[in-house]
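Raw contents of work_4.txt, compact mmCIF, C-alpha atoms:
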# COMPACT_ATOMS: atom_id res chain seq x y z
CA MET A 1 0.00 0.00 0.00
CA SER A 2 1.43 3.34 -0.99
CA LEU A 3 2.01 6.28 1.33
CA LYS A 4 -0.61 8.21 -0.62
CA MET A 5 -3.31 5.64 0.13
CA LYS A 6 -2.27 5.46 3.79
CA ALA A 7 -2.58 9.23 4.15
CA PHE A 8 -5.98 9.16 2.47
CA LYS A 9 -7.25 6.49 4.85
CA LYS A 10 -6.03 8.30 7.94
CA SER A 11 -7.63 11.62 7.09
CA ILE A 12 -11.10 11.54 5.57
CA TRP A 13 -12.88 14.88 5.43
CA VAL A 14 -16.59 14.59 5.10
CA TYR A 15 -19.20 16.90 3.59
CA HIS A 16 -22.77 16.26 4.62
CA VAL A 17 -25.35 16.42 1.80
CA ALA A 18 -28.98 16.27 2.93
CA CYS A 19 -31.09 15.16 -0.06
CA SER A 20 -34.59 15.50 1.44
CA PRO A 21 -34.07 13.22 4.44
CA CYS A 22 -36.40 12.99 7.45
CA ASN A 23 -33.39 14.14 9.59
CA ASN A 24 -33.18 10.89 11.50
CA CYS A 25 -29.95 9.90 9.78
CA ASP A 26 -28.54 13.41 10.24
CA ILE A 27 -29.05 13.26 13.99
CA GLU A 28 -27.33 9.87 14.10
CA ILE A 29 -24.42 11.33 12.07
CA LEU A 30 -24.01 14.10 14.65
CA ASP A 31 -23.72 11.33 17.26
CA LEU A 32 -20.46 10.31 15.61
CA LEU A 33 -18.86 13.60 16.66
CA THR A 34 -19.85 13.32 20.32
CA PRO A 35 -17.51 12.05 23.05
CA ARG A 36 -19.04 8.58 22.98
CA PHE A 37 -18.00 7.74 19.42
CA ASP A 38 -15.53 10.54 18.51
CA VAL A 39 -14.54 9.83 14.91
CA GLU A 40 -11.81 12.50 15.04
CA ARG A 41 -9.69 9.69 16.55
CA PHE A 42 -9.47 8.33 12.99
CA GLY A 43 -8.89 11.75 11.44
CA ILE A 44 -12.47 12.15 10.21
CA LEU A 45 -13.63 15.77 10.14
CA LEU A 46 -16.80 17.50 9.02
CA VAL A 47 -15.91 20.32 6.61
CA GLY A 48 -17.94 23.25 5.34
CA SER A 49 -17.30 23.03 1.61
CA PRO A 50 -17.39 20.15 -0.91
CA ARG A 51 -14.09 21.46 -2.33
CA HIS A 52 -12.32 20.32 0.85
CA ALA A 53 -14.11 16.98 1.11
CA ASP A 54 -13.02 13.41 0.35
CA ALA A 55 -16.35 11.80 1.11
CA LEU A 56 -19.96 12.87 0.70
CA LEU A 57 -22.49 11.65 3.23
CA VAL A 58 -25.80 11.57 1.37
CA THR A 59 -28.90 11.07 3.47
CA GLY A 60 -32.43 10.61 2.18
CA MET A 61 -33.84 9.60 -1.18
CA VAL A 62 -33.07 11.93 -4.07
CA ASN A 63 -36.05 13.92 -5.33
CA ARG A 64 -36.49 16.18 -8.35
CA LEU A 65 -35.35 19.33 -6.56
CA SER A 66 -32.29 17.85 -4.86
CA LYS A 67 -31.04 15.79 -7.84
CA PRO A 68 -29.30 18.62 -9.77
CA ARG A 69 -27.85 19.92 -6.50
CA LEU A 70 -26.45 16.51 -5.54
CA ILE A 71 -24.87 16.15 -8.98
CA GLU A 72 -23.38 19.67 -8.76
CA VAL A 73 -21.93 19.01 -5.29
CA TYR A 74 -20.57 15.64 -6.46
CA LEU A 75 -18.79 17.23 -9.42
CA GLN A 76 -17.34 19.95 -7.16
CA THR A 77 -15.64 17.35 -4.96
CA PRO A 78 -12.01 16.79 -5.98
CA ARG A 79 -10.92 13.25 -6.87
CA PRO A 80 -10.42 10.72 -5.26
CA ARG A 81 -13.93 10.84 -3.81
CA VAL A 82 -16.28 8.41 -2.08
CA VAL A 83 -20.05 8.61 -1.63
CA PHE A 84 -21.76 7.16 1.43
CA ALA A 85 -25.44 6.35 0.78
CA PHE A 86 -27.05 6.51 4.20
CA GLY A 87 -30.11 4.71 5.47
CA SER A 88 -32.85 2.78 3.70
CA CYS A 89 -33.89 5.84 1.68
CA GLY A 90 -30.40 6.48 0.31
CA ILE A 91 -29.94 2.84 -0.67
CA SER A 92 -33.31 2.01 -2.17
CA THR A 93 -35.58 5.09 -1.72
CA GLY A 94 -37.24 3.13 1.13
CA ILE A 95 -40.89 3.95 1.73
CA PHE A 96 -40.77 6.62 -0.97
CA ALA A 97 -40.28 4.07 -3.76
CA GLY A 98 -42.67 4.88 -6.60
CA GLY A 99 -43.45 8.37 -5.26
CA TYR A 100 -44.34 11.06 -7.81
CA ASN A 101 -41.21 13.12 -7.06
CA THR A 102 -38.74 10.27 -6.47
CA GLU A 103 -35.76 10.37 -8.80
CA GLY A 104 -34.18 7.19 -7.55
CA PRO A 105 -31.62 6.02 -5.01
CA VAL A 106 -28.27 7.76 -4.56
CA ASP A 107 -26.18 5.23 -6.51
CA LYS A 108 -28.38 5.54 -9.61
CA VAL A 109 -28.14 9.34 -9.61
CA ILE A 110 -24.37 9.36 -9.07
CA HIS A 111 -23.74 6.71 -11.73
CA GLU A 112 -25.64 8.82 -14.26
CA VAL A 113 -22.85 11.42 -14.17
CA ASP A 114 -19.92 9.23 -13.11
CA PRO A 115 -20.26 5.49 -13.88
CA GLU A 116 -16.99 4.81 -12.00
CA GLY A 117 -18.15 6.50 -8.78
CA VAL A 118 -17.47 4.58 -5.57
CA ILE A 119 -20.61 4.13 -3.44
CA VAL A 120 -20.71 2.73 0.08
CA TYR A 121 -24.09 1.48 1.34
CA VAL A 122 -24.99 1.89 5.02
CA PRO A 123 -28.34 0.22 5.72
CA GLY A 124 -30.66 0.96 8.62
CA CYS A 125 -33.47 3.36 9.44
CA PRO A 126 -31.58 5.17 10.82
CA PRO A 127 -28.20 3.33 10.85
CA ARG A 128 -26.68 3.02 14.30
CA PRO A 129 -23.42 4.96 14.88
CA GLU A 130 -21.59 1.62 15.29
CA ALA A 131 -22.91 0.59 11.88
CA MET A 132 -21.60 3.80 10.34
CA ILE A 133 -18.11 3.31 11.82
CA ASP A 134 -18.20 -0.31 10.62
CA ALA A 135 -19.18 0.85 7.13
CA ILE A 136 -16.29 3.32 7.02
CA VAL A 137 -13.81 0.65 8.15
CA LYS A 138 -15.07 -1.87 5.57
CA ALA A 139 -15.03 0.74 2.81
CA LEU A 140 -11.45 1.72 3.62
CA LYS A 141 -10.40 -1.95 3.58
CA ALA A 142 -11.98 -2.42 0.17
CA ILE A 143 -10.37 0.62 -1.50
CA MET B 1 26.30 27.47 8.99
CA ILE B 2 23.98 30.42 8.50
CA ILE B 3 22.41 28.67 5.50
CA PHE B 4 21.83 25.59 7.66
CA ASN B 5 20.23 27.90 10.24
CA TYR B 6 17.87 29.37 7.72
CA LEU B 7 16.96 26.12 5.96
CA VAL B 8 16.87 23.50 8.71
CA PHE B 9 17.19 24.66 12.32
CA PRO B 10 15.59 26.94 13.49
CA GLY B 11 14.48 27.93 10.00
CA PHE B 12 12.14 26.49 7.40
CA LEU B 13 12.05 22.73 8.11
CA PHE B 14 11.94 23.10 11.90
CA ALA B 15 9.18 25.71 11.64
CA ILE B 16 7.01 23.48 9.44
CA ILE B 17 7.42 20.42 11.68
CA ILE B 18 6.77 22.34 14.90
CA GLY B 19 3.85 24.16 13.24
CA LEU B 20 2.15 20.89 12.27
CA LEU B 21 2.78 19.42 15.73
CA THR B 22 1.23 22.56 17.22
CA VAL B 23 -1.85 22.05 15.06
CA TRP B 24 -2.16 18.58 16.62
CA TYR B 25 -1.58 20.01 20.13
CA ASP B 26 -4.35 22.55 19.55
CA ARG B 27 -6.76 19.92 18.23
CA LYS B 28 -5.94 17.57 21.10
CA ILE B 29 -6.69 20.30 23.66
CA THR B 30 -9.97 21.02 21.87
CA ALA B 31 -10.83 17.32 22.04
CA ARG B 32 -9.98 17.07 25.74
CA VAL B 33 -12.06 20.18 26.52
CA GLN B 34 -15.00 18.48 24.79
CA TRP B 35 -14.27 15.24 26.71
CA ARG B 36 -13.16 13.40 23.57
CA VAL B 37 -9.98 11.48 22.78
CA GLY B 38 -8.79 13.47 19.80
CA PRO B 39 -6.54 12.74 16.81
CA PRO B 40 -3.17 10.94 16.90
CA TRP B 41 0.05 13.02 16.92
CA TYR B 42 0.75 12.60 13.18
CA GLN B 43 -2.66 13.97 12.14
CA GLY B 44 -1.32 17.31 10.83
CA PHE B 45 1.27 15.62 8.59
CA VAL B 46 -1.26 13.11 7.25
CA ASP B 47 -3.78 15.85 6.42
CA ILE B 48 -1.20 17.87 4.47
CA LEU B 49 0.08 14.77 2.64
CA LYS B 50 -3.46 13.77 1.66
CA LEU B 51 -4.31 17.28 0.42
CA PHE B 52 -1.19 17.31 -1.77
CA THR B 53 -2.27 14.08 -3.47
CA LYS B 54 -5.77 15.33 -4.24
CA GLU B 55 -7.05 16.92 -7.40
CA THR B 56 -6.82 20.74 -7.48
CA LEU B 57 -9.93 22.40 -8.86
CA ILE B 58 -9.93 26.00 -10.05
CA PRO B 59 -13.44 27.48 -10.41
CA SER B 60 -14.34 28.75 -13.86
CA THR B 61 -15.32 32.15 -12.41
CA ALA B 62 -11.95 32.65 -10.71
CA LYS B 63 -9.19 34.99 -11.83
CA LYS B 64 -6.60 32.23 -12.17
CA THR B 65 -3.32 34.08 -11.55
CA GLY B 66 -4.37 35.76 -8.33
CA PHE B 67 -6.22 32.69 -7.09
CA VAL B 68 -3.20 30.41 -7.51
CA LEU B 69 -0.55 32.93 -6.48
CA ALA B 70 -2.10 34.09 -3.18
CA PRO B 71 -1.47 30.92 -1.08
CA PHE B 72 2.17 30.80 -2.20
CA VAL B 73 2.76 34.45 -1.27
CA GLY B 74 1.20 33.96 2.16
CA PHE B 75 3.05 30.70 2.77
CA SER B 76 6.48 32.00 1.78
CA THR B 77 6.19 35.13 3.94
CA ALA B 78 5.06 33.07 6.95
CA LEU B 79 8.08 30.80 6.37
CA LEU B 80 10.40 33.81 6.14
CA VAL B 81 9.09 35.32 9.40
CA ALA B 82 9.55 31.99 11.19
CA ALA B 83 13.15 31.72 9.97
CA MET B 84 14.00 35.36 10.78
CA LEU B 85 12.61 35.08 14.31
CA GLY B 86 14.39 31.79 14.92
CA VAL B 87 17.75 33.06 13.69
CA ALA B 88 17.38 36.31 15.65
CA GLY B 89 16.75 34.23 18.78
CA LEU B 90 19.92 32.20 18.16
CA TYR B 91 22.20 35.15 17.28
CA PRO B 92 20.78 38.41 18.72
CA LYS B 93 23.81 40.35 17.43
CA MET B 94 23.10 39.48 13.80
CA SER B 95 19.80 41.35 13.45
CA PHE B 96 19.79 44.77 11.82
CA THR B 97 18.21 48.06 12.91
CA GLY B 98 14.57 48.22 11.90
CA ASP B 99 13.94 44.52 11.44
CA ILE B 100 11.03 44.70 13.88
CA ILE B 101 9.29 46.89 11.28
CA VAL B 102 10.16 44.37 8.56
CA LEU B 103 8.71 41.56 10.68
CA TRP B 104 5.58 43.59 11.37
CA TYR B 105 5.08 44.13 7.63
CA LEU B 106 5.77 40.48 6.80
CA LEU B 107 3.29 39.32 9.44
CA MET B 108 0.61 41.34 7.63
CA VAL B 109 1.25 39.72 4.26
CA PRO B 110 -0.52 36.35 4.94
CA SER B 111 -3.77 38.18 5.77
CA ILE B 112 -3.46 40.36 2.67
CA ALA B 113 -2.72 37.28 0.55
CA ILE B 114 -5.85 35.57 1.87
CA ILE B 115 -7.96 38.67 1.15
CA PHE B 116 -6.49 38.74 -2.36
CA GLY B 117 -7.01 35.05 -3.05
CA SER B 118 -10.55 34.87 -1.76
CA SER B 119 -11.68 37.93 -3.69
CA ALA B 120 -10.12 36.41 -6.83
CA SER B 121 -12.09 33.18 -6.38
CA GLY B 122 -15.27 34.62 -7.89
CA ASN B 123 -17.52 33.14 -5.22
CA PRO B 124 -19.89 35.67 -3.56
CA ILE B 125 -19.70 33.93 -0.17
CA SER B 126 -15.93 33.98 -0.38
CA GLN B 127 -16.09 37.70 -1.06
CA VAL B 128 -18.21 38.26 2.05
CA GLY B 129 -15.47 36.45 3.97
CA SER B 130 -12.84 38.57 2.25
CA SER B 131 -14.52 41.84 3.22
CA ARG B 132 -14.88 40.65 6.82
CA GLU B 133 -11.21 39.67 6.91
CA MET B 134 -10.30 43.16 5.68
CA LYS B 135 -12.31 44.85 8.44
CA LEU B 136 -10.88 42.52 11.07
CA PHE B 137 -7.38 43.14 9.73
CA MET B 138 -7.79 46.92 10.05
CA SER B 139 -9.09 46.58 13.59
CA TYR B 140 -6.42 44.34 15.10
CA GLU B 141 -3.37 45.93 13.50
CA LEU B 142 -3.79 49.25 15.39
CA PRO B 143 -3.40 48.01 18.99
CA PHE B 144 -0.77 45.50 17.84
CA VAL B 145 1.51 48.14 16.33
CA ILE B 146 1.12 50.47 19.33
CA ILE B 147 2.26 47.63 21.62
CA LEU B 148 5.15 46.87 19.28
CA PHE B 149 6.39 50.45 19.33
CA SER B 150 5.95 50.83 23.08
CA ILE B 151 8.21 47.79 23.48
CA ALA B 152 10.71 49.27 21.02
CA ALA B 153 10.65 52.61 22.86
CA LYS B 154 11.25 50.85 26.16
CA ALA B 155 14.31 49.03 24.84
CA HIS B 156 15.54 52.11 22.86
CA THR B 157 16.09 50.00 19.77
CA LEU B 158 14.28 48.98 16.60
CA SER B 159 15.92 45.58 16.18
CA ILE B 160 14.67 42.21 17.43
CA GLY B 161 18.17 41.33 18.63
CA GLY B 162 18.33 44.58 20.61
CA ILE B 163 15.01 43.85 22.29
CA ILE B 164 16.18 40.33 23.22
CA GLU B 165 19.46 41.66 24.65
CA TYR B 166 17.62 44.38 26.57
CA GLN B 167 15.48 41.68 28.18
CA ARG B 168 18.52 39.52 28.99
CA VAL B 169 20.00 42.44 30.94
CA ASN B 170 16.86 43.93 32.54
CA GLY B 171 14.55 40.91 32.84
CA ALA B 172 11.62 39.97 30.62
CA ASN B 173 9.25 42.72 29.51
CA LEU B 174 6.30 40.75 30.84
CA TRP B 175 7.24 41.33 34.49
CA SER B 176 6.22 44.98 34.57
CA LEU B 177 2.85 46.75 34.63
CA SER B 178 3.12 47.97 31.05
CA GLY B 179 4.33 44.53 29.98
CA ILE B 180 1.34 42.71 31.46
CA ILE B 181 -1.18 45.07 29.80
CA GLY B 182 0.75 44.89 26.55
CA PHE B 183 0.91 41.10 26.66
CA ILE B 184 -2.86 40.79 27.11
CA VAL B 185 -3.55 43.15 24.21
CA ALA B 186 -0.99 41.43 21.98
CA LEU B 187 -2.38 37.99 22.86
CA ILE B 188 -5.91 39.01 21.82
CA SER B 189 -4.55 40.54 18.60
CA THR B 190 -2.68 37.28 17.99
CA GLN B 191 -5.93 35.37 18.37
CA ALA B 192 -7.46 37.58 15.67
CA LYS B 193 -4.38 37.29 13.44
CA LEU B 194 -4.66 33.50 13.63
CA GLY B 195 -8.36 33.70 12.75
CA LEU B 196 -9.43 31.52 15.69
CA VAL B 197 -12.70 31.72 17.64
CA PRO B 198 -13.87 34.32 18.87
CA PHE B 199 -12.40 36.07 15.81
CA ASP B 200 -13.06 33.43 13.14
CA ILE B 201 -15.58 35.86 11.62
CA PRO B 202 -14.11 35.65 8.07
CA GLU B 203 -14.04 31.83 8.19
CA ALA B 204 -17.31 31.22 10.07
CA GLU B 205 -18.25 27.71 9.01
CA GLY B 206 -21.81 27.95 10.24
CA GLU B 207 -22.61 31.25 8.51
CA ILE B 208 -20.57 31.50 5.33
CA ALA B 209 -19.26 27.94 4.87
CA SER B 210 -15.56 28.53 5.70
CA GLY B 211 -15.69 31.81 3.69
CA ILE B 212 -12.16 32.83 2.73
CA ILE B 213 -10.87 29.32 1.94
CA LEU B 214 -14.16 28.09 0.49
CA GLU B 215 -13.02 27.60 -3.12
CA TYR B 216 -9.55 26.22 -2.43
CA SER B 217 -8.96 22.50 -2.89
CA GLY B 218 -6.11 20.02 -3.21
CA SER B 219 -2.55 21.33 -3.06
CA LEU B 220 -3.58 25.00 -2.85
CA LEU B 221 -5.60 24.18 0.28
CA ALA B 222 -2.60 22.25 1.60
CA ILE B 223 -0.42 25.35 1.16
CA LEU B 224 -3.02 27.45 3.00
CA LYS B 225 -3.20 24.91 5.84
CA LEU B 226 0.61 24.91 6.05
CA MET B 227 0.52 28.71 6.22
CA LYS B 228 -1.96 28.57 9.12
CA ALA B 229 0.22 25.99 10.88
CA LEU B 230 3.29 28.20 10.40
CA LEU B 231 1.46 31.22 11.80
CA LEU B 232 0.40 29.12 14.79
CA TYR B 233 4.13 28.57 15.43
CA THR B 234 5.34 32.04 14.47
CA LEU B 235 2.99 34.31 16.40
CA PRO B 236 3.50 32.65 19.82
CA LEU B 237 7.24 32.75 19.05
CA PHE B 238 6.91 36.46 18.28
CA LEU B 239 5.13 37.04 21.61
CA ILE B 240 7.88 35.10 23.41
CA THR B 241 10.53 37.14 21.61
CA ILE B 242 9.18 40.55 22.50
CA PHE B 243 7.74 39.79 25.96
CA LEU B 244 9.64 36.83 27.40
CA GLY B 245 13.20 37.26 26.21
CA GLY B 246 13.19 35.12 23.09
CA MET B 247 14.33 31.55 22.58
CA ASN B 248 17.38 30.95 24.74
CA LEU B 249 18.96 27.65 23.74
CA GLN B 250 21.60 27.34 26.46
CA GLY B 251 21.17 24.83 29.28
CA LEU B 252 17.84 25.12 31.06
CA GLY B 253 16.80 27.94 28.74
CA ILE B 254 15.58 25.44 26.16
CA LEU B 255 13.23 23.80 28.69
CA TRP B 256 11.98 27.22 29.79
CA PHE B 257 11.38 28.15 26.13
CA ILE B 258 9.37 24.98 25.47
CA ILE B 259 7.22 25.58 28.58
CA GLU B 260 6.56 29.21 27.58
CA TYR B 261 5.60 28.14 24.06
CA LEU B 262 3.26 25.36 25.20
CA VAL B 263 1.59 27.62 27.78
CA ILE B 264 0.95 30.40 25.25
CA VAL B 265 -0.54 27.97 22.71
CA PHE B 266 -2.58 26.44 25.54
CA ILE B 267 -4.03 29.87 26.46
CA ILE B 268 -4.86 30.55 22.80
CA SER B 269 -6.53 27.15 22.51
CA ILE B 270 -8.54 27.58 25.72
CA ILE B 271 -9.77 31.02 24.57
CA ARG B 272 -10.82 29.44 21.28
CA ASN B 273 -12.72 26.65 23.01
CA THR B 274 -14.61 28.66 25.59
CA ASN B 275 -15.91 31.59 23.55
CA PRO B 276 -18.67 32.16 21.01
CA ARG B 277 -17.98 33.97 17.74
CA LEU B 278 -18.22 37.78 17.80
CA ARG B 279 -20.00 39.79 15.14
CA ILE B 280 -17.72 41.93 12.99
CA ASP B 281 -18.95 45.20 14.56
CA GLN B 282 -18.43 43.79 18.06
CA ALA B 283 -14.89 42.78 17.11
CA MET B 284 -14.08 46.25 15.71
CA ASN B 285 -15.56 47.84 18.83
CA LEU B 286 -13.44 45.61 21.04
CA PHE B 287 -10.22 46.44 19.22
CA TRP B 288 -10.71 50.14 18.63
CA ALA B 289 -12.66 51.23 21.72
CA ILE B 290 -11.16 48.96 24.39
CA LEU B 291 -7.83 47.51 23.33
CA THR B 292 -6.37 50.57 21.58
CA PRO B 293 -6.74 52.79 24.71
CA LEU B 294 -5.26 49.94 26.77
CA ALA B 295 -2.33 49.69 24.36
CA THR B 296 -1.81 53.46 24.58
CA LEU B 297 -1.90 53.21 28.38
CA SER B 298 0.76 50.52 28.23
CA GLY B 299 2.86 52.75 25.96
CA ILE B 300 2.60 55.68 28.42
CA LEU B 301 3.45 53.41 31.36
CA SER B 302 6.51 52.06 29.60
CA TYR B 303 7.61 55.64 28.78
CA VAL B 304 7.31 56.55 32.47
CA GLY B 305 9.32 53.45 33.26
CA LEU B 306 6.85 51.16 35.00
As structure tokens - that is how I would like this structure written.
Amino acid sequence: MSLKMKAFKKSIWVYHVACSPCNNCDIEILDLLTPRFDVERFGILLVGSPRHADALLVTGMVNRLSKPRLIEVYLQTPRPRVVFAFGSCGISTGIFAGGYNTEGPVDKVIHEVDPEGVIVYVPGCPPRPEAMIDAIVKALKAI
Amino acid sequence: MIIFNYLVFPGFLFAIIIGLLTVWYDRKITARVQWRVGPPWYQGFVDILKLFTKETLIPSTAKKTGFVLAPFVGFSTALLVAAMLGVAGLYPKMSFTGDIIVLWYLLMVPSIAIIFGSSASGNPISQVGSSREMKLFMSYELPFVIILFSIAAKAHTLSIGGIIEYQRVNGANLWSLSGIIGFIVALISTQAKLGLVPFDIPEAEGEIASGIILEYSGSLLAILKLMKALLLYTLPLFLITIFLGGMNLQGLGILWFIIEYLVIVFIISIIRNTNPRLRIDQAMNLFWAILTPLATLSGILSYVGL
């Protein structure tokens, strides 16, 4: 494993994209920053701009209004980049499947603009913080 | 030998390494204040390395030359200040008359470079940050320069080496009434120069999405982060030089220097962790209406000889 990859794995900066979620996942994500779970131990930081980010945390199913915004934010993220699809809605649109404004799950939308895009699926409604840390660890092993 | 001093110790390389370690120290204190564990000691190095390997995006609305040039200008001046201060601490006799003015000018350049770069980025939010940075810059420089000249007047010299030698003969500037007032004012100005809470108004992540550095990515962002790390090393060192007798590397002096440095960074970090962000008008009011009269008082006291 090269030094470059090692550095990437030890310092993942995350930008949080809320694509019409019910905010349950978002509250669970904030749990990761609290003393109990403290992801800064692994160098994970929340940043304020997609230009600084390595990973996008996408919560919620993508609807017609948020689709162009998600694509714009994705293209603004410098390579190498990873997308985390959070919760049942992000993975499969969940209970909103077949809704009149549903544009599809996160992976479908991302693969429309970038077929090579790396997507990590974190199931649960909402996913537990332990599940999120586990997902990050597994994703980093797979890269 | 002098080239070694400028390039390795206590010049460029040493300054970068200590700066990145200080970033970790600051983040660790933040984590402990919030009852967390915090990042490992190599976090600063890893972050910079990762940013250098990432893609660098330049927005299509940006003025390319200014946007790309600004981080390099800021970084190289911060590096130069660190080297000059370090070498002046090692050989006080080698500094020339008026280099305190040169240092004061060079310490301004990183802020000006950031203002320049963020207004060249073509992003409206970045420009809001840039205008805030400009106002903050004009407010904190006034008390800072008054303190600087009151110290120079006290030591009857305009060179850093002269100020260090004056303190070696007469004791550190901090242990006098004018010195204590001056140190407090200079410490608060330092906080604003570093752009840390309560003066992170231009960067305000919650309001304007990290404003001044919003459009920077990849290696340009790495250069900016390195510049911030260098300033986090340089400004406490500057305070130590003009108030606490500079870095004295003989015998126990080195231990004393390390303790002074860690304590000053600790105070800065604690201020940053226990305060809310000020509005820009509150910050200007603080600097012009409260700290400038205090700085003038300290100047008068040092003229009288207290």
Which is closest to B:Ser217 among B:Leu301, B:Val37, B:Val68, B:Ile163, if we use only C-alpha atoms?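 The closest residue to B:Ser217 is B:Val68.
Each of B:Met94, B:Ala209, B:Ile258, B:Leu194 was compared to chain A using all atoms listed in the file, and B:Ala209 turns out to be the nearest.
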Within 7 Å of chain A: each chain B residue with its shortest pair, all atoms listed in the file, as a tab-separated table:
residue	atom	partner	partner_atom	distance
B:Trp35	CA	A:Pro35	CA	5.8
B:Arg36	CA	A:Pro35	CA	4.6
B:Val37	CA	A:Arg41	CA	6.5
B:Gly38	CA	A:Arg41	CA	5.1
B:Pro39	CA	A:Arg41	CA	4.4
B:Pro40	CA	A:Arg41	CA	6.6
B:Gln43	CA	A:Gly43	CA	6.7
B:Val46	CA	A:Ala7	CA	5.1
B:Asp47	CA	A:Ser11	CA	5.8
B:Leu49	CA	A:Ala7	CA	6.3
B:Lys50	CA	A:Ala7	CA	5.3
B:Thr53	CA	A:Lys4	CA	6.7
B:Lys54	CA	A:Arg79	CA	6.1
B:Glu55	CA	A:Pro78	CA	5.2
B:Thr56	CA	A:Pro78	CA	6.7
B:Leu57	CA	A:Pro78	CA	6.6
B:Glu205	CA	A:Gly48	CA	5.8
B:Ala209	CA	A:Gly48	CA	4.9
B:Ser210	CA	A:Gly48	CA	5.8
B:Leu214	CA	A:Ser49	CA	6.1
B:Glu215	CA	A:Arg51	CA	6.3
B:Tyr216	CA	A:Arg51	CA	6.6
B:Ser217	CA	A:Arg51	CA	5.3
With C-alpha atoms kept, could you save the residues just selected as a compact mmCIF listing (two decimals), keeping the file's coordinate frame?
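Writing the result to part-v1.txt gives the following:
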# COMPACT_ATOMS: atom_id res chain seq x y z
CA TRP B 35 -14.27 15.24 26.71
CA ARG B 36 -13.16 13.40 23.57
CA VAL B 37 -9.98 11.48 22.78
CA GLY B 38 -8.79 13.47 19.80
CA PRO B 39 -6.54 12.74 16.81
CA PRO B 40 -3.17 10.94 16.90
CA GLN B 43 -2.66 13.97 12.14
CA VAL B 46 -1.26 13.11 7.25
CA ASP B 47 -3.78 15.85 6.42
CA LEU B 49 0.08 14.77 2.64
CA LYS B 50 -3.46 13.77 1.66
CA THR B 53 -2.27 14.08 -3.47
CA LYS B 54 -5.77 15.33 -4.24
CA GLU B 55 -7.05 16.92 -7.40
CA THR B 56 -6.82 20.74 -7.48
CA LEU B 57 -9.93 22.40 -8.86
CA GLU B 205 -18.25 27.71 9.01
CA ALA B 209 -19.26 27.94 4.87
CA SER B 210 -15.56 28.53 5.70
CA LEU B 214 -14.16 28.09 0.49
CA GLU B 215 -13.02 27.60 -3.12
CA TYR B 216 -9.55 26.22 -2.43
CA SER B 217 -8.96 22.50 -2.89
Which residues are close to A:Val109, i.e. within 8 Å by all atoms listed in the file, leaving aside same-chain residues fewer than 5 positions away? Reply as a ChimeraX atom specification. /A:62,67,71,103-104
Which residue is closest to B:Gly86? Choose from B:Leu158, B:Ala15, B:Leu232, B:Ala289 and count only C-alpha atoms.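 Distance minimum relative to B:Gly86 lands on B:Ala15.
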Near B:Leu80, within 12 Å and counting only C-alpha atoms, which residues show up once chain neighbours fewer than 2 positions away are dropped, as a PyMOL selection string? chain B and resi 6-7+10-13+15-16+73-78+82-87+102-103+105-107+109-110+227+230-231+234
Calculate how many Å separate atom CA of A:Asp107 from atom CA of B:Leu51, rounding to one decimal. 25.9 Å
Need to verify the contact set: B:Ser176, 10 Å, all atoms listed in the file, exclusion of same-chain residues closer than 6 positions in sequence. Can you return it as a ChimeraX atom specification? /B:182,301-302,305-306
Please check which residues have atoms at most 9 Å from (-19.0, 7.4, -1.6) in the file's coordinates, counting only C-alpha atoms, and write them as a ChimeraX atom specification. /A:54-58,81-85,107,117-121,139
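Compared by their closest atoms to A:Glu72, and using only C-alpha atoms, the residues A:Gly87, A:Tyr100, A:Thr93, A:Ile110 rank with A:Ile110 nearest.
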Working from the structure I just supplied, which lacks atoms in stretch 285-293 of chain B, can you model N, CA and C atoms there and output them as a JSON list (two decimals), in the coordinates of the input?
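Wrote out_23.json, looks like this:
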[["chain", "number", "residue", "atom", "x", "y", "z"],
["B", 285, "ASN", "N", -15.36, 47.06, 17.62],
["B", 285, "ASN", "CA", -15.56, 47.84, 18.83],
["B", 285, "ASN", "C", -14.56, 47.43, 19.90],
["B", 286, "LEU", "N", -14.38, 46.11, 20.04],
["B", 286, "LEU", "CA", -13.44, 45.61, 21.04],
["B", 286, "LEU", "C", -12.04, 46.14, 20.78],
["B", 287, "PHE", "N", -11.60, 46.06, 19.50],
["B", 287, "PHE", "CA", -10.22, 46.44, 19.22],
["B", 287, "PHE", "C", -10.01, 47.95, 19.28],
["B", 288, "TRP", "N", -10.96, 48.70, 18.72],
["B", 288, "TRP", "CA", -10.71, 50.14, 18.63],
["B", 288, "TRP", "C", -11.09, 50.87, 19.90],
["B", 289, "ALA", "N", -12.20, 50.46, 20.57],
["B", 289, "ALA", "CA", -12.66, 51.23, 21.72],
["B", 289, "ALA", "C", -12.07, 50.74, 23.03],
["B", 290, "ILE", "N", -11.67, 49.46, 23.11],
["B", 290, "ILE", "CA", -11.16, 48.96, 24.39],
["B", 290, "ILE", "C", -9.67, 48.68, 24.33],
["B", 291, "LEU", "N", -9.22, 47.94, 23.31],
["B", 291, "LEU", "CA", -7.83, 47.51, 23.33],
["B", 291, "LEU", "C", -6.87, 48.61, 22.90],
["B", 292, "THR", "N", -7.29, 49.50, 21.99],
["B", 292, "THR", "CA", -6.37, 50.57, 21.58],
["B", 292, "THR", "C", -6.06, 51.52, 22.74],
["B", 293, "PRO", "N", -7.08, 51.99, 23.53],
["B", 293, "PRO", "CA", -6.74, 52.79, 24.71],
["B", 293, "PRO", "C", -5.85, 52.03, 25.69]]
